[in-house]
file protein07.pdb (PDB, C-alpha atoms)
MODEL        1
ATOM      1  CA  MET W   1     138.856 -28.500 -24.412  1.00  0.00           C
ATOM      2  CA  GLN W   2     136.239 -25.741 -24.225  1.00  0.00           C
ATOM      3  CA  VAL W   3     138.722 -23.213 -25.639  1.00  0.00           C
ATOM      4  CA  ARG W   4     139.657 -25.578 -28.465  1.00  0.00           C
ATOM      5  CA  GLU W   5     136.007 -26.077 -29.346  1.00  0.00           C
ATOM      6  CA  TYR W   6     135.244 -22.369 -29.174  1.00  0.00           C
ATOM      7  CA  ILE W   7     138.070 -21.115 -31.380  1.00  0.00           C
ATOM      8  CA  HIS W   8     136.795 -23.250 -34.261  1.00  0.00           C
ATOM      9  CA  THR W   9     133.523 -21.292 -34.186  1.00  0.00           C
ATOM     10  CA  ILE W  10     135.141 -17.832 -34.495  1.00  0.00           C
ATOM     11  CA  SER W  11     134.016 -15.812 -37.511  1.00  0.00           C
ATOM     12  CA  GLY W  12     133.769 -12.177 -38.600  1.00  0.00           C
ATOM     13  CA  PHE W  13     137.417 -11.778 -39.569  1.00  0.00           C
ATOM     14  CA  LYS W  14     139.015 -11.762 -43.007  1.00  0.00           C
ATOM     15  CA  SER W  15     140.825 -14.956 -42.027  1.00  0.00           C
ATOM     16  CA  VAL W  16     141.412 -17.030 -38.894  1.00  0.00           C
ATOM     17  CA  THR W  17     144.510 -19.185 -38.409  1.00  0.00           C
ATOM     18  CA  ILE W  18     144.391 -21.663 -35.535  1.00  0.00           C
ATOM     19  CA  CYS W  19     147.572 -23.069 -33.993  1.00  0.00           C
ATOM     20  CA  GLU W  20     146.999 -25.917 -31.549  1.00  0.00           C
ATOM     21  CA  LYS W  21     149.619 -27.650 -29.394  1.00  0.00           C
ATOM     22  CA  GLU W  22     149.479 -31.232 -28.150  1.00  0.00           C
ATOM     23  CA  THR W  23     150.574 -30.194 -24.665  1.00  0.00           C
ATOM     24  CA  ASN W  24     150.266 -27.070 -22.517  1.00  0.00           C
ATOM     25  CA  CYS W  25     153.499 -25.106 -22.987  1.00  0.00           C
ATOM     26  CA  GLY W  26     152.839 -22.752 -20.087  1.00  0.00           C
ATOM     27  CA  LEU W  27     152.033 -19.049 -20.040  1.00  0.00           C
ATOM     28  CA  ALA W  28     155.403 -17.456 -20.800  1.00  0.00           C
ATOM     29  CA  ASN W  29     156.563 -19.944 -23.430  1.00  0.00           C
ATOM     30  CA  SER W  30     153.212 -19.802 -25.214  1.00  0.00           C
ATOM     31  CA  VAL W  31     153.192 -16.005 -25.403  1.00  0.00           C
ATOM     32  CA  VAL W  32     156.817 -15.735 -26.530  1.00  0.00           C
ATOM     33  CA  TYR W  33     156.352 -18.470 -29.142  1.00  0.00           C
ATOM     34  CA  GLY W  34     153.043 -17.148 -30.471  1.00  0.00           C
ATOM     35  CA  VAL W  35     154.041 -13.497 -30.617  1.00  0.00           C
ATOM     36  CA  THR W  36     157.389 -14.325 -32.227  1.00  0.00           C
ATOM     37  CA  LYS W  37     155.717 -16.465 -34.884  1.00  0.00           C
ATOM     38  CA  VAL W  38     153.144 -13.828 -35.832  1.00  0.00           C
ATOM     39  CA  ILE W  39     155.480 -10.866 -35.631  1.00  0.00           C
ATOM     40  CA  ASP W  40     158.060 -12.615 -37.773  1.00  0.00           C
ATOM     41  CA  GLN W  41     155.443 -12.887 -40.514  1.00  0.00           C
ATOM     42  CA  ARG W  42     153.625  -9.563 -40.083  1.00  0.00           C
ATOM     43  CA  GLY W  43     156.178  -7.161 -38.598  1.00  0.00           C
ATOM     44  CA  LYS W  44     153.802  -6.085 -35.815  1.00  0.00           C
ATOM     45  CA  VAL W  45     151.281  -7.740 -33.537  1.00  0.00           C
ATOM     46  CA  ILE W  46     148.285  -7.030 -31.306  1.00  0.00           C
ATOM     47  CA  VAL W  47     148.001  -9.489 -28.424  1.00  0.00           C
ATOM     48  CA  LEU W  48     145.021 -10.555 -26.327  1.00  0.00           C
ATOM     49  CA  GLU W  49     144.656 -13.405 -23.869  1.00  0.00           C
ATOM     50  CA  ASP W  50     141.400 -15.279 -23.363  1.00  0.00           C
ATOM     51  CA  ASP W  51     140.267 -13.327 -20.283  1.00  0.00           C
ATOM     52  CA  ILE W  52     140.434  -9.892 -21.921  1.00  0.00           C
ATOM     53  CA  VAL W  53     137.334  -8.090 -23.214  1.00  0.00           C
ATOM     54  CA  THR W  54     137.999  -5.112 -25.445  1.00  0.00           C
ATOM     55  CA  HIS W  55     136.313  -1.755 -25.810  1.00  0.00           C
ATOM     56  CA  ARG W  56     134.715  -1.096 -29.208  1.00  0.00           C
ATOM     57  CA  PHE W  57     137.603   1.275 -30.062  1.00  0.00           C
ATOM     58  CA  PHE W  58     140.432  -0.967 -28.837  1.00  0.00           C
ATOM     59  CA  LEU W  59     141.591  -2.143 -32.269  1.00  0.00           C
ATOM     60  CA  ARG W  60     141.369   1.355 -33.703  1.00  0.00           C
ATOM     61  CA  PHE W  61     143.556   2.686 -30.895  1.00  0.00           C
ATOM     62  CA  MET W  62     146.093  -0.127 -31.290  1.00  0.00           C
ATOM     63  CA  ASN W  63     146.354   0.146 -35.063  1.00  0.00           C
ATOM     64  CA  GLU W  64     146.613   3.940 -35.046  1.00  0.00           C
ATOM     65  CA  ALA W  65     149.225   3.888 -32.284  1.00  0.00           C
ATOM     66  CA  LEU W  66     151.271   1.210 -34.050  1.00  0.00           C
ATOM     67  CA  ASP W  67     151.424   3.384 -37.162  1.00  0.00           C
ATOM     68  CA  PHE W  68     151.887   6.664 -35.292  1.00  0.00           C
ATOM     69  CA  TYR W  69     154.772   5.508 -33.040  1.00  0.00           C
ATOM     70  CA  GLU W  70     156.475   3.049 -35.372  1.00  0.00           C
ATOM     71  CA  GLN W  71     159.431   5.378 -35.949  1.00  0.00           C
ATOM     72  CA  ASP W  72     159.692   6.459 -32.295  1.00  0.00           C
ATOM     73  CA  LYS W  73     162.163   3.868 -31.063  1.00  0.00           C
ATOM     74  CA  ARG W  74     161.690   4.961 -27.452  1.00  0.00           C
ATOM     75  CA  ILE W  75     158.239   3.361 -27.513  1.00  0.00           C
ATOM     76  CA  TYR W  76     158.574  -0.413 -27.264  1.00  0.00           C
ATOM     77  CA  MET W  77     154.958  -1.272 -26.551  1.00  0.00           C
ATOM     78  CA  ILE W  78     151.384  -0.006 -26.803  1.00  0.00           C
ATOM     79  CA  GLY W  79     149.229  -0.930 -23.807  1.00  0.00           C
ATOM     80  CA  GLY W  80     145.441  -1.181 -23.710  1.00  0.00           C
ATOM     81  CA  PHE W  81     144.776  -1.188 -19.971  1.00  0.00           C
ATOM     82  CA  ASN W  82     145.128   1.496 -17.334  1.00  0.00           C
ATOM     83  CA  LEU W  83     144.672   1.837 -13.611  1.00  0.00           C
ATOM     84  CA  ASP W  84     142.156   4.413 -12.489  1.00  0.00           C
ATOM     85  CA  PHE W  85     144.377   6.844 -10.645  1.00  0.00           C
ATOM     86  CA  LYS W  86     144.096  10.588 -10.397  1.00  0.00           C
ATOM     87  CA  PHE W  87     146.101  12.321 -13.098  1.00  0.00           C
ATOM     88  CA  PRO W  88     147.889  15.599 -12.374  1.00  0.00           C
ATOM     89  CA  ARG W  89     145.628  18.506 -13.341  1.00  0.00           C
ATOM     90  CA  THR W  90     148.269  19.801 -15.703  1.00  0.00           C
ATOM     91  CA  TYR W  91     148.407  16.521 -17.654  1.00  0.00           C
ATOM     92  CA  LEU W  92     146.012  16.936 -20.564  1.00  0.00           C
ATOM     93  CA  ASN W  93     147.193  14.241 -22.999  1.00  0.00           C
ATOM     94  CA  ASP W  94     145.100  11.152 -23.774  1.00  0.00           C
ATOM     95  CA  VAL W  95     148.145   8.861 -23.533  1.00  0.00           C
ATOM     96  CA  PHE W  96     151.249   8.698 -21.369  1.00  0.00           C
ATOM     97  CA  ILE W  97     154.510   6.761 -21.182  1.00  0.00           C
ATOM     98  CA  VAL W  98     156.133   4.932 -18.264  1.00  0.00           C
ATOM     99  CA  HIS W  99     158.921   2.401 -17.756  1.00  0.00           C
ATOM    100  CA  ARG W 100     156.574  -0.548 -17.291  1.00  0.00           C
ATOM    101  CA  SER W 101     154.875  -2.927 -19.684  1.00  0.00           C
ATOM    102  CA  CYS W 102     151.150  -3.600 -19.968  1.00  0.00           C
ATOM    103  CA  SER W 103     150.174  -7.228 -20.512  1.00  0.00           C
ATOM    104  CA  TRP W 104     146.375  -6.822 -20.644  1.00  0.00           C
ATOM    105  CA  GLY W 105     145.843  -6.154 -24.334  1.00  0.00           C
ATOM    106  CA  TRP W 106     148.936  -4.790 -26.016  1.00  0.00           C
ATOM    107  CA  ALA W 107     150.896  -4.380 -29.239  1.00  0.00           C
ATOM    108  CA  THR W 108     154.484  -4.095 -30.420  1.00  0.00           C
ATOM    109  CA  TRP W 109     156.756  -4.206 -33.474  1.00  0.00           C
ATOM    110  CA  LYS W 110     159.206  -6.822 -34.689  1.00  0.00           C
ATOM    111  CA  ASN W 111     162.276  -4.590 -34.421  1.00  0.00           C
ATOM    112  CA  ARG W 112     161.509  -4.099 -30.707  1.00  0.00           C
ATOM    113  CA  TRP W 113     160.345  -7.609 -29.824  1.00  0.00           C
ATOM    114  CA  MET W 114     163.365  -9.276 -31.392  1.00  0.00           C
ATOM    115  CA  THR W 115     165.755  -7.361 -29.124  1.00  0.00           C
ATOM    116  CA  ALA W 116     164.570  -9.312 -26.071  1.00  0.00           C
ATOM    117  CA  ASP W 117     167.004 -11.683 -24.371  1.00  0.00           C
ATOM    118  CA  TRP W 118     164.543 -14.139 -22.814  1.00  0.00           C
ATOM    119  CA  THR W 119     167.348 -15.866 -20.878  1.00  0.00           C
ATOM    120  CA  VAL W 120     168.364 -12.542 -19.254  1.00  0.00           C
ATOM    121  CA  SER W 121     171.958 -13.620 -19.765  1.00  0.00           C
ATOM    122  CA  ASP W 122     173.468 -10.723 -17.778  1.00  0.00           C
ATOM    123  CA  TYR W 123     171.226 -11.240 -14.753  1.00  0.00           C
ATOM    124  CA  SER W 124     174.017 -12.334 -12.377  1.00  0.00           C
ATOM    125  CA  SER W 125     175.926  -9.070 -12.787  1.00  0.00           C
ATOM    126  CA  PHE W 126     172.762  -6.962 -12.873  1.00  0.00           C
ATOM    127  CA  ALA W 127     171.466  -8.455  -9.609  1.00  0.00           C
ATOM    128  CA  LYS W 128     174.592  -7.221  -7.785  1.00  0.00           C
ATOM    129  CA  ASP W 129     174.321  -3.632  -8.992  1.00  0.00           C
ATOM    130  CA  LYS W 130     172.046  -1.529  -6.772  1.00  0.00           C
ATOM    131  CA  THR W 131     172.169   1.439  -9.149  1.00  0.00           C
ATOM    132  CA  GLN W 132     170.896  -0.694 -12.034  1.00  0.00           C
ATOM    133  CA  ILE W 133     168.252  -2.313  -9.850  1.00  0.00           C
ATOM    134  CA  ASP W 134     166.927   1.070  -8.719  1.00  0.00           C
ATOM    135  CA  ARG W 135     166.790   2.249 -12.317  1.00  0.00           C
ATOM    136  CA  PHE W 136     165.012  -0.927 -13.405  1.00  0.00           C
ATOM    137  CA  CYS W 137     162.382  -0.321 -10.709  1.00  0.00           C
ATOM    138  CA  ARG W 138     161.324   3.047 -12.129  1.00  0.00           C
ATOM    139  CA  GLY W 139     158.003   1.391 -12.994  1.00  0.00           C
ATOM    140  CA  GLY W 140     157.463  -0.087  -9.514  1.00  0.00           C
ATOM    141  CA  ASN W 141     159.470  -1.454  -6.597  1.00  0.00           C
ATOM    142  CA  ASP W 142     157.982  -4.888  -7.203  1.00  0.00           C
ATOM    143  CA  MET W 143     159.768  -5.306 -10.519  1.00  0.00           C
ATOM    144  CA  PHE W 144     163.101  -6.601  -9.242  1.00  0.00           C
ATOM    145  CA  PRO W 145     161.496  -9.130  -6.843  1.00  0.00           C
ATOM    146  CA  MET W 146     159.438 -10.425  -9.763  1.00  0.00           C
ATOM    147  CA  LEU W 147     162.545 -10.743 -11.930  1.00  0.00           C
ATOM    148  CA  GLN W 148     164.271 -12.573  -9.078  1.00  0.00           C
ATOM    149  CA  ASN W 149     161.371 -14.995  -8.817  1.00  0.00           C
ATOM    150  CA  GLN W 150     161.426 -15.525 -12.568  1.00  0.00           C
ATOM    151  CA  MET W 151     165.129 -16.310 -12.595  1.00  0.00           C
ATOM    152  CA  ASN W 152     164.768 -18.585  -9.543  1.00  0.00           C
ATOM    153  CA  GLY W 153     162.024 -20.594 -11.231  1.00  0.00           C
ATOM    154  CA  LYS W 154     159.263 -19.340  -8.925  1.00  0.00           C
ATOM    155  CA  LEU W 155     157.440 -17.356 -11.605  1.00  0.00           C
ATOM    156  CA  ASP W 156     156.429 -18.058 -15.200  1.00  0.00           C
ATOM    157  CA  SER W 157     156.375 -14.592 -16.731  1.00  0.00           C
ATOM    158  CA  TRP W 158     157.244 -13.234 -20.142  1.00  0.00           C
ATOM    159  CA  ALA W 159     156.201  -9.724 -19.054  1.00  0.00           C
ATOM    160  CA  ILE W 160     158.864  -9.131 -16.388  1.00  0.00           C
ATOM    161  CA  ARG W 161     161.545 -10.230 -18.858  1.00  0.00           C
ATOM    162  CA  TRP W 162     160.040  -7.871 -21.426  1.00  0.00           C
ATOM    163  CA  ASP W 163     160.205  -5.143 -18.774  1.00  0.00           C
ATOM    164  CA  TYR W 164     163.893  -5.947 -18.418  1.00  0.00           C
ATOM    165  CA  CYS W 165     164.342  -5.691 -22.180  1.00  0.00           C
ATOM    166  CA  MET W 166     162.673  -2.282 -22.112  1.00  0.00           C
ATOM    167  CA  TYR W 167     164.966  -1.247 -19.257  1.00  0.00           C
ATOM    168  CA  LYS W 168     168.054  -2.316 -21.212  1.00  0.00           C
ATOM    169  CA  HIS W 169     166.968  -0.065 -24.083  1.00  0.00           C
ATOM    170  CA  ASP W 170     165.690   2.760 -21.853  1.00  0.00           C
ATOM    171  CA  ALA W 171     162.328   2.273 -23.545  1.00  0.00           C
ATOM    172  CA  TYR W 172     158.724   3.029 -22.615  1.00  0.00           C
ATOM    173  CA  CYS W 173     155.280   1.529 -22.827  1.00  0.00           C
ATOM    174  CA  LEU W 174     152.568   3.888 -24.055  1.00  0.00           C
ATOM    175  CA  TRP W 175     149.395   3.628 -21.941  1.00  0.00           C
ATOM    176  CA  PRO W 176     145.951   5.119 -22.655  1.00  0.00           C
ATOM    177  CA  LYS W 177     144.598   7.550 -20.079  1.00  0.00           C
ATOM    178  CA  TYR W 178     141.344   5.562 -20.003  1.00  0.00           C
ATOM    179  CA  SER W 179     141.371   1.795 -20.189  1.00  0.00           C
ATOM    180  CA  MET W 180     140.421   0.148 -23.490  1.00  0.00           C
ATOM    181  CA  VAL W 181     140.123  -3.352 -22.002  1.00  0.00           C
ATOM    182  CA  LYS W 182     138.754  -5.151 -18.985  1.00  0.00           C
ATOM    183  CA  ASN W 183     139.946  -8.403 -17.452  1.00  0.00           C
ATOM    184  CA  ILE W 184     137.225 -10.959 -16.678  1.00  0.00           C
ATOM    185  CA  GLY W 185     139.642 -13.507 -15.198  1.00  0.00           C
ATOM    186  CA  PHE W 186     138.926 -12.416 -11.644  1.00  0.00           C
ATOM    187  CA  ASP W 187     135.965 -14.751 -11.216  1.00  0.00           C
ATOM    188  CA  GLY W 188     138.197 -17.470  -9.825  1.00  0.00           C
ATOM    189  CA  SER W 189     138.824 -19.064 -13.231  1.00  0.00           C
ATOM    190  CA  GLY W 190     142.034 -17.189 -14.025  1.00  0.00           C
ATOM    191  CA  ILE W 191     145.255 -19.103 -13.316  1.00  0.00           C
ATOM    192  CA  HIS W 192     147.129 -16.040 -12.076  1.00  0.00           C
ATOM    193  CA  CYS W 193     144.098 -14.243 -10.618  1.00  0.00           C
ATOM    194  CA  GLY W 194     142.011 -14.616  -7.514  1.00  0.00           C
ATOM    195  CA  GLU W 195     138.295 -14.058  -7.223  1.00  0.00           C
ATOM    196  CA  ASN W 196     136.826 -10.564  -7.337  1.00  0.00           C
ATOM    197  CA  ASP W 197     133.891  -9.691  -9.550  1.00  0.00           C
ATOM    198  CA  TYR W 198     134.279  -5.936  -9.168  1.00  0.00           C
ATOM    199  CA  ILE W 199     137.436  -5.645 -11.229  1.00  0.00           C
ATOM    200  CA  GLU W 200     135.506  -6.638 -14.353  1.00  0.00           C
ATOM    201  CA  ASN W 201     133.940  -3.223 -14.681  1.00  0.00           C
ATOM    202  CA  SER W 202     136.133  -1.008 -12.516  1.00  0.00           C
ATOM    203  CA  TYR W 203     138.260   0.818 -15.050  1.00  0.00           C
ATOM    204  CA  PHE W 204     136.680  -0.028 -18.372  1.00  0.00           C
ATOM    205  CA  SER W 205     136.259   3.120 -20.425  1.00  0.00           C
ATOM    206  CA  CYS W 206     132.698   4.147 -21.243  1.00  0.00           C
ATOM    207  CA  GLN W 207     133.631   6.250 -24.251  1.00  0.00           C
ATOM    208  CA  THR W 208     130.846   6.399 -26.825  1.00  0.00           C
ATOM    209  CA  SER W 209     132.947   8.169 -29.447  1.00  0.00           C
ATOM    210  CA  TYR W 210     136.601   7.939 -30.329  1.00  0.00           C
ATOM    211  CA  LYS W 211     138.444  10.911 -28.844  1.00  0.00           C
ATOM    212  CA  ILE W 212     142.010   9.683 -28.320  1.00  0.00           C
ATOM    213  CA  LYS W 213     144.583  12.098 -29.693  1.00  0.00           C
ATOM    214  CA  LEU W 214     148.077  10.685 -30.049  1.00  0.00           C
ATOM    215  CA  VAL W 215     151.043  12.894 -29.190  1.00  0.00           C
ATOM    216  CA  ARG W 216     154.146  13.186 -31.346  1.00  0.00           C
ATOM    217  CA  ASN W 217     157.474  13.136 -29.437  1.00  0.00           C
ATOM    218  CA  ILE W 218     155.616  12.459 -26.204  1.00  0.00           C
ATOM    219  CA  SER W 219     157.626  13.095 -23.035  1.00  0.00           C
ATOM    220  CA  ALA W 220     157.508  11.298 -19.701  1.00  0.00           C
ATOM    221  CA  ASN W 221     155.764  13.271 -16.972  1.00  0.00           C
ATOM    222  CA  THR W 222     157.767  13.105 -13.739  1.00  0.00           C
ATOM    223  CA  LYS W 223     154.812  13.598 -11.402  1.00  0.00           C
ATOM    224  CA  LEU W 224     152.665  11.106 -13.271  1.00  0.00           C
ATOM    225  CA  GLU W 225     155.497   8.547 -13.301  1.00  0.00           C
ATOM    226  CA  LYS W 226     155.803   8.847  -9.519  1.00  0.00           C
ATOM    227  CA  LEU W 227     152.060   8.399  -9.024  1.00  0.00           C
ATOM    228  CA  PHE W 228     152.118   5.344 -11.268  1.00  0.00           C
ATOM    229  CA  LYS W 229     155.159   3.868  -9.519  1.00  0.00           C
ATOM    230  CA  ASP W 230     153.701   4.486  -6.062  1.00  0.00           C
ATOM    231  CA  LEU W 231     150.500   2.695  -6.996  1.00  0.00           C
ATOM    232  CA  CYS W 232     152.370  -0.271  -8.455  1.00  0.00           C
ATOM    233  CA  SER W 233     154.671  -0.343  -5.399  1.00  0.00           C
ATOM    234  CA  SER W 234     151.907  -0.025  -2.809  1.00  0.00           C
ATOM    235  CA  ASN W 235     152.350  -3.621  -1.668  1.00  0.00           C
ATOM    236  CA  HIS W 236     155.996  -4.405  -2.307  1.00  0.00           C
ATOM    237  CA  GLY W 237     156.822  -7.923  -3.438  1.00  0.00           C
ATOM    238  CA  THR W 238     153.378  -9.017  -4.594  1.00  0.00           C
ATOM    239  CA  SER W 239     152.166  -9.207  -8.164  1.00  0.00           C
ATOM    240  CA  LEU W 240     150.616  -6.233  -9.937  1.00  0.00           C
ATOM    241  CA  THR W 241     147.433  -8.278 -10.368  1.00  0.00           C
ATOM    242  CA  VAL W 242     147.089  -8.751  -6.601  1.00  0.00           C
ATOM    243  CA  ARG W 243     147.796  -5.076  -5.946  1.00  0.00           C
ATOM    244  CA  ILE W 244     145.160  -4.005  -8.461  1.00  0.00           C
ATOM    245  CA  LYS W 245     142.618  -6.135  -6.620  1.00  0.00           C
ATOM    246  CA  GLU W 246     143.664  -4.746  -3.236  1.00  0.00           C
ATOM    247  CA  PHE W 247     143.509  -1.207  -4.606  1.00  0.00           C
ATOM    248  CA  ILE W 248     139.931  -1.806  -5.784  1.00  0.00           C
ATOM    249  CA  ILE W 249     138.891  -3.407  -2.497  1.00  0.00           C
ATOM    250  CA  ASN W 250     140.253  -0.395  -0.605  1.00  0.00           C
ATOM    251  CA  ILE W 251     138.229   1.945  -2.810  1.00  0.00           C
ATOM    252  CA  MET W 252     135.088  -0.103  -2.173  1.00  0.00           C
ATOM    253  CA  ASN W 253     135.686  -0.178   1.578  1.00  0.00           C
ATOM    254  CA  ASN W 254     136.349   3.555   1.714  1.00  0.00           C
ATOM    255  CA  THR W 255     133.180   4.224  -0.283  1.00  0.00           C
ATOM    256  CA  LYS W 256     131.148   2.119   2.142  1.00  0.00           C
ATOM    257  CA  SER W 257     132.665   3.932   5.119  1.00  0.00           C
ATOM    258  CA  ILE W 258     131.806   7.334   3.672  1.00  0.00           C
ATOM    259  CA  SER W 259     128.230   6.318   2.885  1.00  0.00           C
TER     260      SER W 259
ENDMDL
END
call {"tool": "encode", "arguments": {"input": "protein07.pdb", "output": "structure tokens"}}
result
Amino acid sequence: MQVREYIHTISGFKSVTICEKETNCGLANSVVYGVTKVIDQRGKVIVLEDDIVTHRFFLRFMNEALDFYEQDKRIYMIGGFNLDFKFPRTYLNDVFIVHRSCSWGWATWKNRWMTADWTVSDYSSFAKDKTQIDRFCRGGNDMFPMLQNQMNGKLDSWAIRWDYCMYKHDAYCLWPKYSMVKNIGFDGSGIHCGENDYIENSYFSCQTSYKIKLVRNISANTKLEKLFKDLCSSNHGTSLTVRIKEFIINIMNNTKSIS
């Protein structure tokens, strides 16, 4: 009810279109339905959920990246978030690509989104092929367990099925080197989050001027991909959200020990 009341007060945009449902359709169905509806009309979409706060340059980054990479069919998604891990010294770009989606503030195009098979109709054969499973898990060893849980009805995720779509097309998500969003759903109010205040401000970029330079024909960096995968796989079988929290807690504990 509070969300319904709030959205009717939103202003500051050229136009605001509100779509309200009589019943809660669930996370995955709501995202797939909403994104499909908008993208069918507009050809591209920028997506935010209600627990995401954006940096002042978030929309600029998303819009510029959507235009810049529209013809690069390897890029299926533009992500707004990033984990705060140590980049290889030799990696100087402001963006990078990996085989994993980013669901905390993101964008995509119609000709990518419409290739998704949300039923994952070939799952039964895929799940028996170790070579395919290993390749699918290039973005983290937790990805196949999550897909299993989704297909077994234990998870309600559009993102892991979108990851599978990206895998089927050997596609990438483009991530910013420094996060352009922060998630404030870790105060205990988020449905799929626990309670941890620290994550609100952990990796939110403090840029005061726009300095992101996009890279034409960007290539995957093998060392960076491994670092990213290792971080996402650090606690095999649990959600990325939980692992992010544990990663932050470890940093805090280590900092306290040093001090």
call {"tool": "residues_around", "arguments": {"input": "protein07.pdb", "residues": "Thr23 in chain W", "least_positions_apart": "4", "cutoff": "12 Å", "atoms": "all atoms listed in the file", "output": "PyMOL selection string"}}
result
chain W and resi 1+29-30
call {"tool": "atom_distance", "arguments": {"input": "protein07.pdb", "atom1": "CA of Gly105 in chain W", "atom2": "CA of Val47 in chain W"}}
result
5.7 Å
call {"tool": "closest_residue", "arguments": {"input": "protein07.pdb", "among": "W:Thr208, W:Thr108, W:Ser101, W:Asn152", "to": "Tyr164 in chain W", "atoms": "only C-alpha atoms"}}
result
W:Ser101
call {"tool": "residues_around", "arguments": {"input": "protein07.pdb", "residues": "Glu70 in chain W", "least_positions_apart": "5", "cutoff": "9 Å", "atoms": "all atoms listed in the file", "output": "list of chain:residue names"}}
result
W:Ala65, W:Ile75, W:Thr108, W:Trp109
call {"tool": "residues_around", "arguments": {"input": "protein07.pdb", "residues": "range 124-128 of chain W", "least_positions_apart": "4", "cutoff": "12 Å", "atoms": "all atoms listed in the file", "output": "CSV table (one decimal) with C-alpha atoms, keeping the file's coordinate frame"}}
result
chain,number,residue,atom,x,y,z
W,119,THR,CA,167.3,-15.9,-20.9
W,120,VAL,CA,168.4,-12.5,-19.3
W,132,GLN,CA,170.9,-0.7,-12.0
W,133,ILE,CA,168.3,-2.3,-9.8
W,134,ASP,CA,166.9,1.1,-8.7
W,135,ARG,CA,166.8,2.2,-12.3
W,136,PHE,CA,165.0,-0.9,-13.4
W,144,PHE,CA,163.1,-6.6,-9.2
W,145,PRO,CA,161.5,-9.1,-6.8
W,147,LEU,CA,162.5,-10.7,-11.9
W,148,GLN,CA,164.3,-12.6,-9.1
W,151,MET,CA,165.1,-16.3,-12.6
W,152,ASN,CA,164.8,-18.6,-9.5
W,164,TYR,CA,163.9,-5.9,-18.4
W,167,TYR,CA,165.0,-1.2,-19.3
W,168,LYS,CA,168.1,-2.3,-21.2
call {"tool": "residues_near_point", "arguments": {"input": "protein07.pdb", "point": "(157.1, 9.0, -27.6)", "cutoff": "7 Å", "atoms": "only C-alpha atoms", "output": "compact mmCIF listing (two decimals) with C-alpha atoms, in the coordinates of the input"}}
result
# COMPACT_ATOMS: atom_id res chain seq x y z
CA TYR W 69 154.77 5.51 -33.04
CA ASP W 72 159.69 6.46 -32.30
CA ARG W 74 161.69 4.96 -27.45
CA ILE W 75 158.24 3.36 -27.51
CA ARG W 216 154.15 13.19 -31.35
CA ASN W 217 157.47 13.14 -29.44
CA ILE W 218 155.62 12.46 -26.20
CA SER W 219 157.63 13.10 -23.04
call {"tool": "residues_near_point", "arguments": {"input": "protein07.pdb", "point": "(159.1, -0.7, -18.7)", "cutoff": "7 Å", "atoms": "all atoms listed in the file", "output": "list in words"}}
result
Val98, His99, Arg100, Ser101, Gly139, Asp163, Met166, Tyr167, Ala171, Tyr172 and Cys173 of chain W
call {"tool": "closest_residue", "arguments": {"input": "protein07.pdb", "among": "W:Lys110, W:Gly79, W:Leu66, W:Thr54", "to": "Thr36 in chain W", "atoms": "all atoms listed in the file"}}
result
W:Lys110
call {"tool": "closest_residue", "arguments": {"input": "protein07.pdb", "among": "W:Phe58, W:Tyr210, W:Trp118, W:Phe68", "to": "Lys182 in chain W", "atoms": "all atoms listed in the file"}}
result
W:Phe58
call {"tool": "resolve_selection", "arguments": {"input": "protein07.pdb", "expression": "the PyMOL selection byres ((chain W and resi 49-51) around 10)", "output": "number ranges by chain"}}
result
W: 3, 31, 47-48, 52-54, 103-106, 182-186, 189-190
call {"tool": "residues_around", "arguments": {"input": "protein07.pdb", "residues": "Ile39 in chain W", "least_positions_apart": "5", "cutoff": "10 Å", "atoms": "all atoms listed in the file", "output": "PyMOL selection string"}}
result
chain W and resi 34+44-46+108-111+113-114
call {"tool": "write_last_selection", "arguments": {"input": "protein07.pdb", "atoms": "C-alpha atoms", "output": "PDB file, in the frame of the given file"}}
result
ATOM      1  CA  GLY W  34     153.043 -17.148 -30.471  1.00  0.00           C
ATOM      2  CA  LYS W  44     153.802  -6.085 -35.815  1.00  0.00           C
ATOM      3  CA  VAL W  45     151.281  -7.740 -33.537  1.00  0.00           C
ATOM      4  CA  ILE W  46     148.285  -7.030 -31.306  1.00  0.00           C
ATOM      5  CA  THR W 108     154.484  -4.095 -30.420  1.00  0.00           C
ATOM      6  CA  TRP W 109     156.756  -4.206 -33.474  1.00  0.00           C
ATOM      7  CA  LYS W 110     159.206  -6.822 -34.689  1.00  0.00           C
ATOM      8  CA  ASN W 111     162.276  -4.590 -34.421  1.00  0.00           C
ATOM      9  CA  TRP W 113     160.345  -7.609 -29.824  1.00  0.00           C
ATOM     10  CA  MET W 114     163.365  -9.276 -31.392  1.00  0.00           C
TER      11      MET W 114
END
call {"tool": "atom_distance", "arguments": {"input": "protein07.pdb", "atom1": "CA of Lys154 in chain W", "atom2": "CA of Lys130 in chain W"}}
result
22.0 Å
call {"tool": "atom_distance", "arguments": {"input": "protein07.pdb", "atom1": "CA of Ala28 in chain W", "atom2": "CA of Ile78 in chain W"}}
result
18.9 Å
call {"tool": "axis_aligned_box", "arguments": {"input": "protein07.pdb", "around": "range 215-226 of chain W", "padding_each_side": "8 Å", "output": "lines of an AutoDock Vina configuration file"}}
result
center_x = 154.4
center_y = 11.1
center_z = -20.4
size_x = 22.7
size_y = 21.1
size_z = 37.8
call {"tool": "resolve_selection", "arguments": {"input": "protein07.pdb", "expression": "the PyMOL selection byres ((chain W and resi 93) around 10)", "output": "list of chain:residue names"}}
result
W:Thr90, W:Tyr91, W:Leu92, W:Asp94, W:Val95, W:Phe96, W:Pro176, W:Lys177, W:Ile212, W:Lys213, W:Leu214, W:Val215, W:Ile218
call {"tool": "closest_residue", "arguments": {"input": "protein07.pdb", "among": "W:Thr115, W:Tyr178, W:Leu27, W:Ile97", "to": "Ala159 in chain W", "atoms": "all atoms listed in the file"}}
result
W:Leu27
call {"tool": "residues_around", "arguments": {"input": "protein07.pdb", "residues": "Met146 in chain W", "least_positions_apart": "3", "cutoff": "12 Å", "atoms": "only C-alpha atoms", "output": "PyMOL selection string"}}
result
chain W and resi 133+136-137+140-143+149-164+233+236-240
